[in-house]
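*Asks:* Sharing work-v4.cif here; it has mmCIF, C-alpha atoms.
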```cif
data_protein
loop_
_atom_site.label_atom_id
_atom_site.label_comp_id
_atom_site.auth_asym_id
_atom_site.auth_seq_id
_atom_site.Cartn_x
_atom_site.Cartn_y
_atom_site.Cartn_z
CA MET T 1 26.61 -24.48 -17.64
CA ASN T 2 27.00 -24.61 -13.90
CA ILE T 3 23.47 -24.47 -12.55
CA LYS T 4 24.36 -23.37 -9.03
CA SER T 5 26.56 -20.62 -10.34
CA VAL T 6 23.83 -19.37 -12.67
CA LEU T 7 21.18 -19.46 -9.94
CA GLU T 8 23.42 -17.53 -7.56
CA SER T 9 24.04 -14.86 -10.19
CA LEU T 10 20.34 -14.61 -10.99
CA MET T 11 19.39 -14.14 -7.36
CA PHE T 12 22.11 -11.56 -6.87
CA ALA T 13 21.12 -9.58 -9.95
CA TRP T 14 17.43 -9.66 -9.07
CA GLY T 15 17.89 -8.64 -5.45
CA GLU T 16 14.31 -9.28 -4.40
CA PRO T 17 12.93 -12.78 -3.85
CA LEU T 18 13.06 -14.56 -7.21
CA ASN T 19 10.26 -16.93 -8.09
CA ILE T 20 11.17 -20.50 -8.85
CA GLY T 21 8.95 -20.51 -11.94
CA GLU T 22 11.02 -17.68 -13.35
CA MET T 23 14.26 -19.56 -12.74
CA SER T 24 12.89 -22.75 -14.22
CA LYS T 25 11.87 -20.86 -17.36
CA LEU T 26 15.25 -19.16 -17.69
CA LEU T 27 17.21 -22.38 -17.29
CA ASN T 28 14.66 -24.46 -19.16
CA MET T 29 14.58 -27.04 -16.39
CA PRO T 30 11.72 -28.37 -14.29
CA ALA T 31 10.92 -26.28 -11.21
CA LYS T 32 11.07 -29.32 -8.97
CA TYR T 33 14.63 -30.07 -10.02
CA ILE T 34 15.69 -26.48 -9.42
CA ALA T 35 13.98 -26.44 -6.03
CA GLY T 36 16.14 -29.43 -5.06
CA ILE T 37 19.29 -27.65 -6.15
CA LEU T 38 18.27 -24.47 -4.33
CA ASP T 39 17.67 -26.42 -1.13
CA GLU T 40 21.17 -27.81 -1.50
CA MET T 41 22.53 -24.30 -2.01
CA ILE T 42 20.67 -23.02 1.06
CA ARG T 43 22.45 -25.69 3.09
CA GLU T 44 25.86 -25.04 1.53
CA PHE T 45 25.62 -21.29 2.03
CA SER T 46 24.65 -21.52 5.67
CA GLU T 47 27.26 -24.19 6.41
CA ASN T 48 30.08 -22.11 5.01
CA GLU T 49 31.15 -19.99 7.97
CA ASP T 50 33.49 -17.85 5.93
CA ARG T 51 30.73 -16.36 3.81
CA GLY T 52 28.46 -13.48 4.80
CA LEU T 53 25.54 -14.34 2.59
CA ILE T 54 22.81 -16.91 2.84
CA ILE T 55 19.86 -17.88 0.68
CA ARG T 56 16.41 -17.56 2.22
CA LYS T 57 13.28 -19.20 0.96
CA PHE T 58 9.90 -17.43 1.07
CA GLY T 59 7.12 -19.53 -0.37
CA ASN T 60 8.15 -20.23 -3.94
CA SER T 61 10.72 -17.45 -4.00
CA TYR T 62 14.38 -17.36 -3.05
CA GLN T 63 16.55 -14.43 -2.04
CA ILE T 64 20.16 -13.79 -1.16
CA THR T 65 20.44 -11.95 2.15
CA THR T 66 23.10 -11.26 4.75
CA LYS T 67 23.67 -13.53 7.71
CA LYS T 68 21.92 -12.71 10.94
CA ASP T 69 25.22 -12.94 12.85
CA ASN T 70 26.56 -9.92 11.00
CA TYR T 71 23.55 -7.78 11.82
CA GLU T 72 25.36 -5.42 14.21
CA TYR T 73 28.08 -4.54 11.73
CA ILE T 74 25.65 -3.85 8.93
CA GLN T 75 23.46 -1.84 11.25
CA SER T 76 26.34 0.46 12.18
CA LEU T 77 27.28 0.81 8.53
CA LEU T 78 23.75 1.86 7.68
CA GLN T 79 23.52 4.17 10.70
CA ASN T 80 20.28 5.88 9.89
CA THR T 81 18.15 2.99 8.83
CA VAL T 82 14.62 3.18 10.02
CA THR T 83 13.24 -0.24 10.58
CA LYS T 84 9.76 -0.07 9.26
CA SER T 85 7.51 -2.13 11.42
CA LEU T 86 3.81 -2.51 10.91
CA SER T 87 1.15 -0.98 13.15
CA THR T 88 -0.84 -3.08 15.58
CA ALA T 89 -3.93 -2.59 13.43
CA ALA T 90 -2.04 -3.84 10.38
CA LEU T 91 -0.72 -6.88 12.24
CA GLU T 92 -4.16 -7.81 13.60
CA THR T 93 -5.66 -7.52 10.14
CA LEU T 94 -2.84 -9.53 8.62
CA SER T 95 -3.23 -12.37 11.10
CA ILE T 96 -6.91 -12.67 10.25
CA ILE T 97 -6.17 -12.66 6.52
CA ALA T 98 -3.33 -15.16 6.96
CA TYR T 99 -5.47 -17.71 8.76
CA LYS T 100 -8.83 -17.16 7.09
CA GLN T 101 -7.76 -16.52 3.51
CA PRO T 102 -9.41 -15.99 1.14
CA VAL T 103 -11.39 -13.61 3.31
CA THR T 104 -13.61 -10.54 2.82
CA LYS T 105 -13.26 -7.18 4.51
CA VAL T 106 -16.56 -7.71 6.32
CA GLU T 107 -15.29 -10.89 7.96
CA ILE T 108 -12.16 -9.09 9.12
CA GLU T 109 -14.24 -6.24 10.49
CA GLN T 110 -16.51 -8.62 12.36
CA ILE T 111 -13.56 -10.15 14.15
CA ARG T 112 -11.70 -6.93 14.88
CA GLY T 113 -14.87 -5.00 15.71
CA VAL T 114 -13.67 -1.95 13.75
CA LYS T 115 -13.60 -0.72 10.18
CA CYS T 116 -10.62 -1.98 8.21
CA SER T 117 -10.75 -0.28 4.81
CA GLN T 118 -7.76 1.97 5.40
CA VAL T 119 -5.68 -0.80 6.94
CA VAL T 120 -6.44 -3.21 4.10
CA LYS T 121 -5.58 -0.52 1.56
CA GLY T 122 -2.26 0.05 3.30
CA LEU T 123 -1.51 -3.67 3.23
CA LEU T 124 -2.37 -3.80 -0.47
CA ASP T 125 -0.03 -0.88 -1.15
CA LYS T 126 2.76 -2.60 0.73
CA GLY T 127 2.17 -5.75 -1.32
CA LEU T 128 1.56 -7.83 1.81
CA VAL T 129 -1.91 -8.88 0.69
CA LYS T 130 -3.59 -9.14 -2.68
CA GLU T 131 -7.07 -9.40 -4.11
CA VAL T 132 -7.76 -12.94 -5.19
CA GLY T 133 -11.29 -12.68 -6.54
CA LYS T 134 -14.85 -11.96 -5.57
CA LEU T 135 -17.10 -13.91 -3.24
CA ASP T 136 -20.16 -15.26 -5.00
CA LYS T 137 -22.59 -13.54 -2.64
CA PRO T 138 -24.70 -10.41 -2.98
CA GLY T 139 -22.48 -7.38 -3.54
CA ARG T 140 -19.69 -9.66 -4.72
CA PRO T 141 -17.23 -8.56 -2.03
CA THR T 142 -13.51 -8.76 -2.77
CA LEU T 143 -11.53 -11.64 -1.31
CA TYR T 144 -8.07 -11.04 0.12
CA ALA T 145 -5.10 -13.34 0.64
CA THR T 146 -1.47 -12.98 1.71
CA THR T 147 1.43 -12.74 -0.75
CA ASP T 148 5.01 -14.01 -0.96
CA GLU T 149 6.00 -10.53 0.21
CA PHE T 150 4.04 -11.28 3.39
CA LEU T 151 6.19 -14.37 3.93
CA ARG T 152 9.32 -12.36 3.20
CA HIS T 153 8.37 -9.60 5.60
CA PHE T 154 7.97 -12.08 8.42
CA GLY T 155 10.79 -14.37 7.32
CA LEU T 156 8.53 -17.35 6.79
CA THR T 157 9.34 -20.19 4.40
CA SER T 158 5.70 -20.96 3.81
CA ILE T 159 2.32 -20.12 5.24
CA ASP T 160 2.31 -23.47 7.08
CA GLN T 161 5.12 -22.14 9.23
CA LEU T 162 2.68 -19.93 11.13
CA PRO T 163 1.75 -21.32 14.53
CA SER T 164 -0.99 -23.84 13.94
CA ILE T 165 -4.33 -23.13 15.48
CA ASP T 166 -7.54 -24.92 15.00
CA ILE T 167 -9.91 -22.06 14.48
CA GLU T 168 -12.96 -24.33 14.44
CA LYS T 169 -11.89 -25.94 17.69
CA GLU T 170 -11.09 -22.65 19.34
CA GLU T 171 -14.49 -21.36 18.38
CA LYS T 172 -16.23 -24.43 19.67
CA LYS T 173 -14.38 -24.17 22.95
CA ALA T 174 -16.19 -20.91 23.47
CA THR T 175 -19.63 -22.32 22.86
CA MET S 1 1.17 21.10 27.50
CA TYR S 2 0.49 17.99 29.45
CA SER S 3 1.17 14.43 28.53
CA VAL S 4 -1.67 12.02 28.39
CA ASN S 5 -1.07 8.53 29.58
CA ILE S 6 -3.92 6.66 28.09
CA ASN S 7 -3.85 3.40 26.27
CA VAL S 8 -4.87 3.40 22.68
CA PHE S 9 -7.05 0.48 21.88
CA GLN S 10 -7.50 -1.15 18.52
CA GLY S 11 -11.23 -1.42 18.99
CA PRO S 12 -13.96 -2.23 21.49
CA PHE S 13 -12.81 -5.85 21.84
CA ASP S 14 -9.31 -4.72 22.59
CA LEU S 15 -10.58 -2.40 25.30
CA LEU S 16 -12.86 -5.07 26.80
CA PHE S 17 -9.96 -7.48 26.95
CA HIS S 18 -7.86 -4.94 28.70
CA LEU S 19 -10.58 -4.52 31.34
CA ILE S 20 -11.01 -8.27 31.73
CA GLU S 21 -7.29 -8.84 32.15
CA LYS S 22 -6.90 -5.92 34.51
CA GLY S 23 -9.74 -7.18 36.69
CA GLU S 24 -8.53 -10.79 36.46
CA ILE S 25 -11.98 -11.74 35.40
CA ASP S 26 -13.06 -15.17 34.23
CA ILE S 27 -14.04 -14.60 30.63
CA TYR S 28 -16.74 -17.28 30.84
CA ASP S 29 -18.40 -15.50 33.72
CA ILE S 30 -18.08 -11.80 33.04
CA PRO S 31 -19.71 -9.55 35.67
CA ILE S 32 -21.51 -7.52 33.02
CA ALA S 33 -22.70 -4.68 35.26
CA GLU S 34 -19.19 -4.05 36.54
CA ILE S 35 -17.53 -4.28 33.14
CA THR S 36 -20.14 -2.01 31.57
CA ASP S 37 -19.46 0.67 34.17
CA GLN S 38 -15.71 0.46 33.61
CA TYR S 39 -16.18 0.49 29.87
CA LEU S 40 -18.37 3.60 30.00
CA GLU S 41 -15.93 5.26 32.35
CA TYR S 42 -13.19 4.68 29.86
CA LEU S 43 -15.24 6.14 27.02
CA GLU S 44 -15.84 9.19 29.19
CA GLN S 45 -12.09 9.56 29.66
CA MET S 46 -11.50 9.27 25.95
CA MET S 47 -13.98 12.04 25.33
CA GLN S 48 -12.45 14.22 28.02
CA PHE S 49 -9.12 13.98 26.26
CA ASN S 50 -10.84 14.96 23.06
CA MET S 51 -10.05 11.65 21.52
CA ASN S 52 -12.21 10.73 18.65
CA VAL S 53 -14.44 8.00 19.95
CA ALA S 54 -15.22 5.80 17.01
CA SER S 55 -18.80 4.67 16.52
CA GLU S 56 -17.70 1.07 17.10
CA PHE S 57 -16.96 1.91 20.73
CA ILE S 58 -20.41 3.41 21.18
CA LEU S 59 -22.02 0.39 19.57
CA MET S 60 -20.24 -1.88 22.03
CA ALA S 61 -21.41 0.30 24.92
CA SER S 62 -25.01 -0.18 23.86
CA THR S 63 -24.46 -3.92 23.38
CA LEU S 64 -23.10 -4.15 26.91
CA MET S 65 -26.07 -2.27 28.30
CA GLU S 66 -28.45 -4.49 26.39
CA ILE S 67 -26.81 -7.59 27.84
CA LYS S 68 -26.87 -6.02 31.27
CA SER S 69 -30.60 -5.42 31.08
CA GLU S 70 -31.25 -8.91 29.75
CA MET S 71 -29.35 -10.32 32.70
CA LEU S 72 -31.74 -8.55 35.03
CA LEU S 73 -34.74 -10.26 33.52
CA PRO S 74 -35.72 -13.61 35.01
CA GLN S 75 -33.59 -16.20 33.25
CA LYS S 76 -35.43 -18.95 31.51
CA GLU S 77 -33.85 -22.08 30.12
CA LYS S 78 -32.41 -20.02 27.34
CA GLU S 79 -28.97 -19.06 26.28
CA ASP S 80 -26.75 -16.90 28.44
CA PRO S 81 -27.06 -13.37 27.01
CA ARG S 82 -23.29 -13.03 27.34
CA GLN S 83 -22.59 -15.99 25.10
CA GLU S 84 -22.27 -14.20 21.78
CA LEU S 85 -20.03 -11.54 23.23
CA VAL S 86 -17.72 -14.13 24.79
CA THR S 87 -17.44 -16.03 21.51
CA LYS S 88 -16.49 -12.87 19.68
CA LEU S 89 -14.05 -11.82 22.38
CA LEU S 90 -12.30 -15.17 22.26
CA GLU S 91 -12.04 -15.09 18.52
CA TYR S 92 -10.58 -11.61 18.63
CA LYS S 93 -8.15 -12.66 21.34
CA LEU S 94 -6.98 -15.54 19.18
CA PHE S 95 -5.99 -13.23 16.36
CA LYS S 96 -4.54 -10.66 18.70
CA ASP S 97 -2.21 -13.33 20.04
CA ILE S 98 -1.23 -14.28 16.52
CA SER S 99 -0.54 -10.66 15.66
CA GLU S 100 1.85 -10.50 18.59
CA LYS S 101 3.55 -13.59 17.22
CA LEU S 102 3.81 -11.87 13.84
CA ARG S 103 5.46 -8.91 15.55
CA GLU S 104 8.14 -11.29 16.86
CA TYR S 105 8.67 -12.70 13.38
CA GLU S 106 8.93 -9.18 12.01
CA ASP S 107 11.60 -8.26 14.56
CA GLU S 108 13.49 -11.45 13.82
CA SER S 109 13.49 -10.90 10.09
CA SER S 110 14.82 -7.36 10.48
CA TYR S 111 18.19 -8.95 11.24
CA TYR S 112 18.57 -10.03 7.62
CA PHE S 113 19.52 -7.50 5.00
CA SER S 114 18.91 -7.83 1.32
CA LYS S 115 19.48 -5.74 -1.71
CA PRO S 116 16.50 -3.88 -3.11
CA LYS S 117 15.59 -4.62 -6.68
CA GLU S 118 17.48 -2.45 -9.06
CA GLU S 119 16.84 -1.47 -12.60
CA ILE S 120 19.77 -2.73 -14.56
CA ALA S 121 20.28 -1.23 -17.99
CA LEU S 122 21.61 -3.94 -20.24
CA THR S 123 22.84 -1.84 -23.13
CA SER S 124 25.30 0.74 -21.95
CA ASP S 125 24.79 3.16 -24.84
CA VAL S 126 21.10 3.62 -24.11
CA GLN S 127 21.02 5.73 -21.04
CA THR S 128 17.49 5.93 -19.92
CA GLU S 129 17.32 7.81 -16.74
CA GLN S 130 13.99 8.18 -15.08
CA LEU S 131 13.52 11.71 -13.87
CA SER S 132 10.57 12.68 -11.84
CA LEU S 133 9.45 16.24 -12.28
CA GLY S 134 9.08 16.75 -8.57
CA GLU S 135 12.78 16.13 -8.00
CA ILE S 136 14.13 18.35 -10.71
CA ASN S 137 14.63 22.08 -10.57
CA VAL S 138 14.82 24.73 -13.27
CA TYR S 139 18.62 24.76 -13.43
CA GLU S 140 18.88 21.03 -13.89
CA LEU S 141 16.27 21.26 -16.59
CA TYR S 142 18.24 24.05 -18.24
CA ASN S 143 21.40 21.95 -18.20
CA ILE S 144 19.59 18.98 -19.69
CA TYR S 145 18.23 21.27 -22.39
CA LEU S 146 21.71 22.55 -23.18
CA SER S 147 23.19 19.06 -23.34
CA LEU S 148 20.39 17.98 -25.65
CA LEU S 149 21.01 20.92 -27.96
CA LYS S 150 24.69 20.08 -27.99
CA LYS S 151 23.98 16.47 -28.84
CA GLN S 152 21.80 17.54 -31.74
CA ASN S 153 24.36 20.12 -32.88
CA PHE S 154 22.07 23.05 -32.40
CA LYS S 155 23.67 26.35 -31.68
CA ILE S 156 22.09 29.07 -29.67
CA GLU S 157 23.24 32.49 -30.61
CA LYS S 158 24.03 34.45 -27.59
CA GLU S 159 22.60 37.90 -27.66
CA GLU S 160 24.14 40.46 -25.49
CA LYS S 161 21.14 42.70 -25.64
CA PHE S 162 17.56 41.71 -25.32
CA LYS S 163 14.92 43.53 -27.20
CA VAL S 164 11.43 43.76 -25.86
CA TYR S 165 8.81 43.86 -28.55
CA ARG S 166 5.30 45.13 -28.26
CA GLU S 167 2.78 42.32 -28.28
CA THR S 168 1.49 41.88 -31.78
CA TYR S 169 -1.38 39.72 -30.71
CA ARG S 170 -3.12 39.79 -27.42
CA VAL S 171 -4.96 36.89 -25.85
CA LYS S 172 -7.95 39.13 -25.31
CA ASP S 173 -8.13 40.03 -29.01
CA CYS S 174 -7.87 36.41 -30.03
CA MET S 175 -10.65 35.50 -27.64
CA ASP S 176 -12.88 38.15 -29.17
CA GLU S 177 -12.00 36.87 -32.61
CA ILE S 178 -12.90 33.29 -31.72
CA ILE S 179 -16.19 34.37 -30.15
CA LYS S 180 -17.04 36.43 -33.19
CA ARG S 181 -16.33 33.55 -35.55
CA ILE S 182 -18.37 31.15 -33.49
CA ARG S 183 -21.35 33.50 -33.50
CA LYS S 184 -21.06 33.66 -37.28
CA LEU S 185 -20.21 30.07 -38.16
CA GLY S 186 -21.48 28.06 -35.22
CA LYS S 187 -18.24 26.16 -34.96
CA VAL S 188 -14.62 26.87 -35.64
CA SER S 189 -11.89 24.54 -36.77
CA LEU S 190 -8.46 25.37 -35.47
CA PHE S 191 -6.72 23.99 -38.55
CA ASN S 192 -8.92 25.96 -40.94
CA THR S 193 -8.45 29.17 -39.02
CA PHE S 194 -4.71 28.85 -39.33
CA LYS S 195 -4.95 27.87 -42.98
CA GLU S 196 -7.11 30.91 -43.81
CA LYS S 197 -4.52 33.19 -42.28
CA GLY S 198 -1.99 31.86 -44.72
CA LYS S 199 1.37 32.26 -43.13
CA ILE S 200 1.08 32.55 -39.38
CA SER S 201 3.73 33.36 -36.87
CA LYS S 202 4.58 31.18 -33.94
CA GLU S 203 3.44 34.00 -31.71
CA TYR S 204 -0.02 34.07 -33.30
CA ALA S 205 -0.43 30.31 -32.96
CA ILE S 206 0.55 30.40 -29.31
CA THR S 207 -1.67 33.38 -28.55
CA PHE S 208 -4.60 31.78 -30.32
CA PHE S 209 -4.11 28.58 -28.38
CA LEU S 210 -3.87 30.46 -25.08
CA ALA S 211 -7.10 32.25 -25.95
CA LEU S 212 -8.69 28.89 -26.60
CA LEU S 213 -7.59 27.57 -23.22
CA GLU S 214 -8.81 30.73 -21.55
CA LEU S 215 -12.25 30.36 -23.10
CA ALA S 216 -12.41 26.72 -22.10
CA ASN S 217 -11.38 27.67 -18.62
CA LYS S 218 -14.18 30.22 -18.45
CA GLN S 219 -16.46 27.50 -19.77
CA GLU S 220 -17.67 29.76 -22.52
CA MET S 221 -17.27 27.10 -25.16
CA LYS S 222 -16.67 23.46 -25.78
CA ILE S 223 -13.59 22.05 -27.39
CA TYR S 224 -13.48 18.73 -29.18
CA GLN S 225 -10.71 16.64 -30.59
CA ASP S 226 -11.22 13.18 -32.07
CA HIS S 227 -7.78 11.91 -31.25
CA ALA S 228 -4.30 13.20 -30.44
CA TYR S 229 -2.87 15.58 -33.10
CA SER S 230 -6.17 15.79 -34.97
CA ASP S 231 -8.08 19.01 -35.68
CA ILE S 232 -9.53 20.91 -32.75
CA ILE S 233 -13.18 21.98 -33.11
CA ILE S 234 -14.56 24.80 -31.00
CA THR S 235 -18.30 25.19 -30.53
CA GLY S 236 -20.41 27.61 -28.55
#
```
Any chance you could put this one into structure tokens?
*Replies:*
Amino acid sequence: MNIKSVLESLMFAWGEPLNIGEMSKLLNMPAKYIAGILDEMIREFSENEDRGLIIRKFGNSYQITTKKDNYEYIQSLLQNTVTKSLSTAALETLSIIAYKQPVTKVEIEQIRGVKCSQVVKGLLDKGLVKEVGKLDKPGRPTLYATTDEFLRHFGLTSIDQLPSIDIEKEEKKAT
Amino acid sequence: MYSVNINVFQGPFDLLFHLIEKGEIDIYDIPIAEITDQYLEYLEQMMQFNMNVASEFILMASTLMEIKSEMLLPQKEKEDPRQELVTKLLEYKLFKDISEKLREYEDESSYYFSKPKEEIALTSDVQTEQLSLGEINVYELYNIYLSLLKKQNFKIEKEEKFKVYRETYRVKDCMDEIIKRIRKLGKVSLFNTFKEKGKISKEYAITFFLALLELANKQEMKIYQDHAYSDIIITG
């Protein structure tokens, strides 16, 4: 069995970002080992200038996509594609969830100063955030966190790739 | 028709920030009276354009006025009444900046194309095609029906002439019958009713069932069934 060949086929067949746990189960090999091989493949794919595909990593998931350089050609092939971008409200809400996760709706609303139920519902539907439990406080409010789909949507390898801010420090600066 | 050139703000903080930036104001020393006036003026505009002014905007207006009045009182050695507002504004600003950063990431990642997940049927002889009823029209349904009949080797005899028969049973009659039986027996079992009739025609069964649905619809009786395919009990 050629591991790289199998992994490439798996990612192609799956289309969407494929979780490393899934691949490790299928190949019956430790996830860490496969992660190493995938990193190698990411390098090999991007170094090969004659190929139009690359592998992108989003959190613990990997996906085969086209190269950025070929964007124009694909765009003209797909003429009528509507690039779906998120609303400002959705982006503001997402940034709060991304940095403060796990976070409740009330906390988000306090920061944004407006109600967020609809926005949060939209984000849940799009799979960009998920419920991760309940806060152990009166009313047991739901806690929200970002998903791998969030990383994929913004092309991030991991959540650490977001610009680092020290929320505590920023807040102290104000006081 | 006239076009309205008015900024849409995400919330009261967003609007306040806009005013602060426009007026090149030091956020740590906000001239509350001035900002409050501008803020209220903006709300007025929103209302003039029939925009729905969310309650959050009104709440902020009252907060601003409260701070304004506190500022007028002789200041003791206590906290600046603007402090809490500034803290909140800065926190909001922080996340607003991040959301702009996210927008950049989103644009950047739109340059990469990937294949959506597909449902791949592994066995070629099992053709399971998902059809949603909303997407299918009568003719397609008719064709599917015909192909199914063909597969099962059913033959439909084509009749050149159609005969129209007089209704043997009418829904109204069946309804009366059910009501009569319920008055007499208290409850009626669908299975028993059919059994008593001995041999029943498809037409009778359908008419009876329609009558049942009609009665339920009129809420004239209750219908029970323990589980799927079990007997149906009708009570008054």
*Asks:* Around the point (16.5, -7.4, -9.1), in the coordinates given by the file, pick out the residues reaching within 6 Å, counting all atoms listed in the file, and return them as a list in words.
*Replies:*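 Counting all atoms listed in the file, I find these residues within 6 Å of (16.5, -7.4, -9.1): Ala13, Trp14, Gly15 and Glu16 of chain T; Lys117 and Glu118 of chain S.
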*Asks:* Could you pull the residues within 12 Å of Arg56 (chain T), counting all atoms listed in the file, minus those fewer than 2 positions along the same chain, as a PyMOL selection string?
*Replies:* (chain T and resi 11+15-18+38-43+45-46+53-54+58-68+151-158) or (chain S and resi 109+112-114)
*Asks:* Have a look at CA of Arg51 (chain T) and CA of Ile34 (chain T) and let me know their distance in Å, one decimal.
*Replies:* 22.4 Å
*Asks:* Starting from chain S, keep only residues with some atom at most 10 Å from an atom of chain T, counting all atoms listed in the file, and report them as a short mmCIF file (atom, residue, chain, number, x, y, z; two decimals) with C-alpha atoms, in the frame of the given file.
*Replies:*
```
data_model
loop_
_atom_site.label_atom_id
_atom_site.label_comp_id
_atom_site.auth_asym_id
_atom_site.auth_seq_id
_atom_site.Cartn_x
_atom_site.Cartn_y
_atom_site.Cartn_z
CA PHE S 9 -7.05 0.48 21.88
CA GLN S 10 -7.50 -1.15 18.52
CA GLY S 11 -11.23 -1.42 18.99
CA PRO S 12 -13.96 -2.23 21.49
CA PHE S 13 -12.81 -5.85 21.84
CA ASP S 14 -9.31 -4.72 22.59
CA ILE S 27 -14.04 -14.60 30.63
CA TYR S 28 -16.74 -17.28 30.84
CA ALA S 54 -15.22 5.80 17.01
CA SER S 55 -18.80 4.67 16.52
CA GLU S 56 -17.70 1.07 17.10
CA PHE S 57 -16.96 1.91 20.73
CA LEU S 59 -22.02 0.39 19.57
CA MET S 60 -20.24 -1.88 22.03
CA GLN S 83 -22.59 -15.99 25.10
CA GLU S 84 -22.27 -14.20 21.78
CA VAL S 86 -17.72 -14.13 24.79
CA THR S 87 -17.44 -16.03 21.51
CA LYS S 88 -16.49 -12.87 19.68
CA LEU S 89 -14.05 -11.82 22.38
CA LEU S 90 -12.30 -15.17 22.26
CA GLU S 91 -12.04 -15.09 18.52
CA TYR S 92 -10.58 -11.61 18.63
CA LYS S 93 -8.15 -12.66 21.34
CA LEU S 94 -6.98 -15.54 19.18
CA PHE S 95 -5.99 -13.23 16.36
CA LYS S 96 -4.54 -10.66 18.70
CA ASP S 97 -2.21 -13.33 20.04
CA ILE S 98 -1.23 -14.28 16.52
CA SER S 99 -0.54 -10.66 15.66
CA GLU S 100 1.85 -10.50 18.59
CA LYS S 101 3.55 -13.59 17.22
CA LEU S 102 3.81 -11.87 13.84
CA ARG S 103 5.46 -8.91 15.55
CA GLU S 104 8.14 -11.29 16.86
CA TYR S 105 8.67 -12.70 13.38
CA GLU S 106 8.93 -9.18 12.01
CA ASP S 107 11.60 -8.26 14.56
CA GLU S 108 13.49 -11.45 13.82
CA SER S 109 13.49 -10.90 10.09
CA SER S 110 14.82 -7.36 10.48
CA TYR S 111 18.19 -8.95 11.24
CA TYR S 112 18.57 -10.03 7.62
CA PHE S 113 19.52 -7.50 5.00
CA SER S 114 18.91 -7.83 1.32
CA LYS S 115 19.48 -5.74 -1.71
CA PRO S 116 16.50 -3.88 -3.11
CA LYS S 117 15.59 -4.62 -6.68
CA GLU S 118 17.48 -2.45 -9.06
CA GLU S 119 16.84 -1.47 -12.60
CA ILE S 120 19.77 -2.73 -14.56
#
```
*Asks:* Could you tell me, as a PyMOL selection string, exactly which residues end up selected when the PyMOL selection byres ((chain T and resi 24) around 12) is applied to this structure?
*Replies:* chain T and resi 3+6-7+10+18-23+25-38+60-61
*Asks:* Extending 5 Å beyond the listed atoms of region 89-96 of chain T on each side, what axis-aligned box results? I want centre and edge lengths in Å to one decimal, as AutoDock Vina command-line options.
*Replies:*
```
--center_x -3.8 --center_y -7.6 --center_z 11.1 --size_x 16.2 --size_y 20.1 --size_z 15.0
```
*Asks:* If you count all atoms listed in the file, which residues fall within 12 Å of Gln38 (chain S), apart from same-chain ones fewer than 3 positions away, as a list of chain:residue names?
*Replies:*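 The contact residues come out as S:Leu15, S:Leu16, S:Phe17, S:His18, S:Leu19, S:Ile20, S:Lys22, S:Gly23, S:Pro31, S:Ile32, S:Ala33, S:Glu34, S:Ile35, S:Glu41, S:Tyr42, S:Leu43, S:Glu44, S:Gln45, S:Ala61, S:Leu64, S:Met65.
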*Asks:* What's the separation between CA of Tyr165 (chain S) and CA of Ile178 (chain S), in Å to one decimal place?
*Replies:*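 Separation between CA of Tyr165 (chain S) and CA of Ile178 (chain S): 24.4 Å.
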*Asks:* Going by the chain IDs and residue numbers used in this file, which residues fall under the PyMOL selection byres ((chain S and resi 172) around 12)? Write them as a list of chain:residue names.
*Replies:* S:Glu167, S:Thr168, S:Tyr169, S:Arg170, S:Val171, S:Asp173, S:Cys174, S:Met175, S:Asp176, S:Glu177, S:Ile178, S:Ile179, S:Thr207, S:Phe208, S:Phe209, S:Leu210, S:Ala211, S:Leu212, S:Leu213, S:Glu214, S:Leu215
*Asks:* Find the residue from T:Thr104, T:Thr147, T:Asn2, T:Pro141 that sits nearest to Lys126 (chain T); use all atoms listed in the file when measuring.
*Replies:* T:Thr147
*Asks:* In terms of the shortest atom-to-atom distance over all atoms listed in the file, which of S:Pro81, S:Tyr142, S:Ser147, S:Asp226 is closest to Asp29 (chain S)?
*Replies:*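 Of S:Pro81, S:Tyr142, S:Ser147, S:Asp226, the one nearest Asp29 (chain S), counting all atoms listed in the file, is S:Pro81.
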*Asks:* Grab the CA of Ser117 (chain T) to CA of Lys137 (chain T) distance for me, in Å with one decimal place.
*Replies:*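 Atom-to-atom, CA of Ser117 (chain T) and CA of Lys137 (chain T) are spaced 19.3 Å apart.
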*Asks:* Identify which of the residues T:Glu109, T:Glu131, T:Asp160, T:Glu47 lies closest to Ala145 (chain T), counting only C-alpha atoms when measuring atom-to-atom distances.
*Replies:*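 Closest to Ala145 (chain T), using only C-alpha atoms: T:Glu131.
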*Asks:* Measuring atom to atom with all atoms listed in the file, identify which of T:Lys130, T:Arg140, T:Lys121, T:Lys57 is nearest to Gln101 (chain T).
*Replies:*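 Smallest separation from Gln101 (chain T) among the options: T:Lys130.
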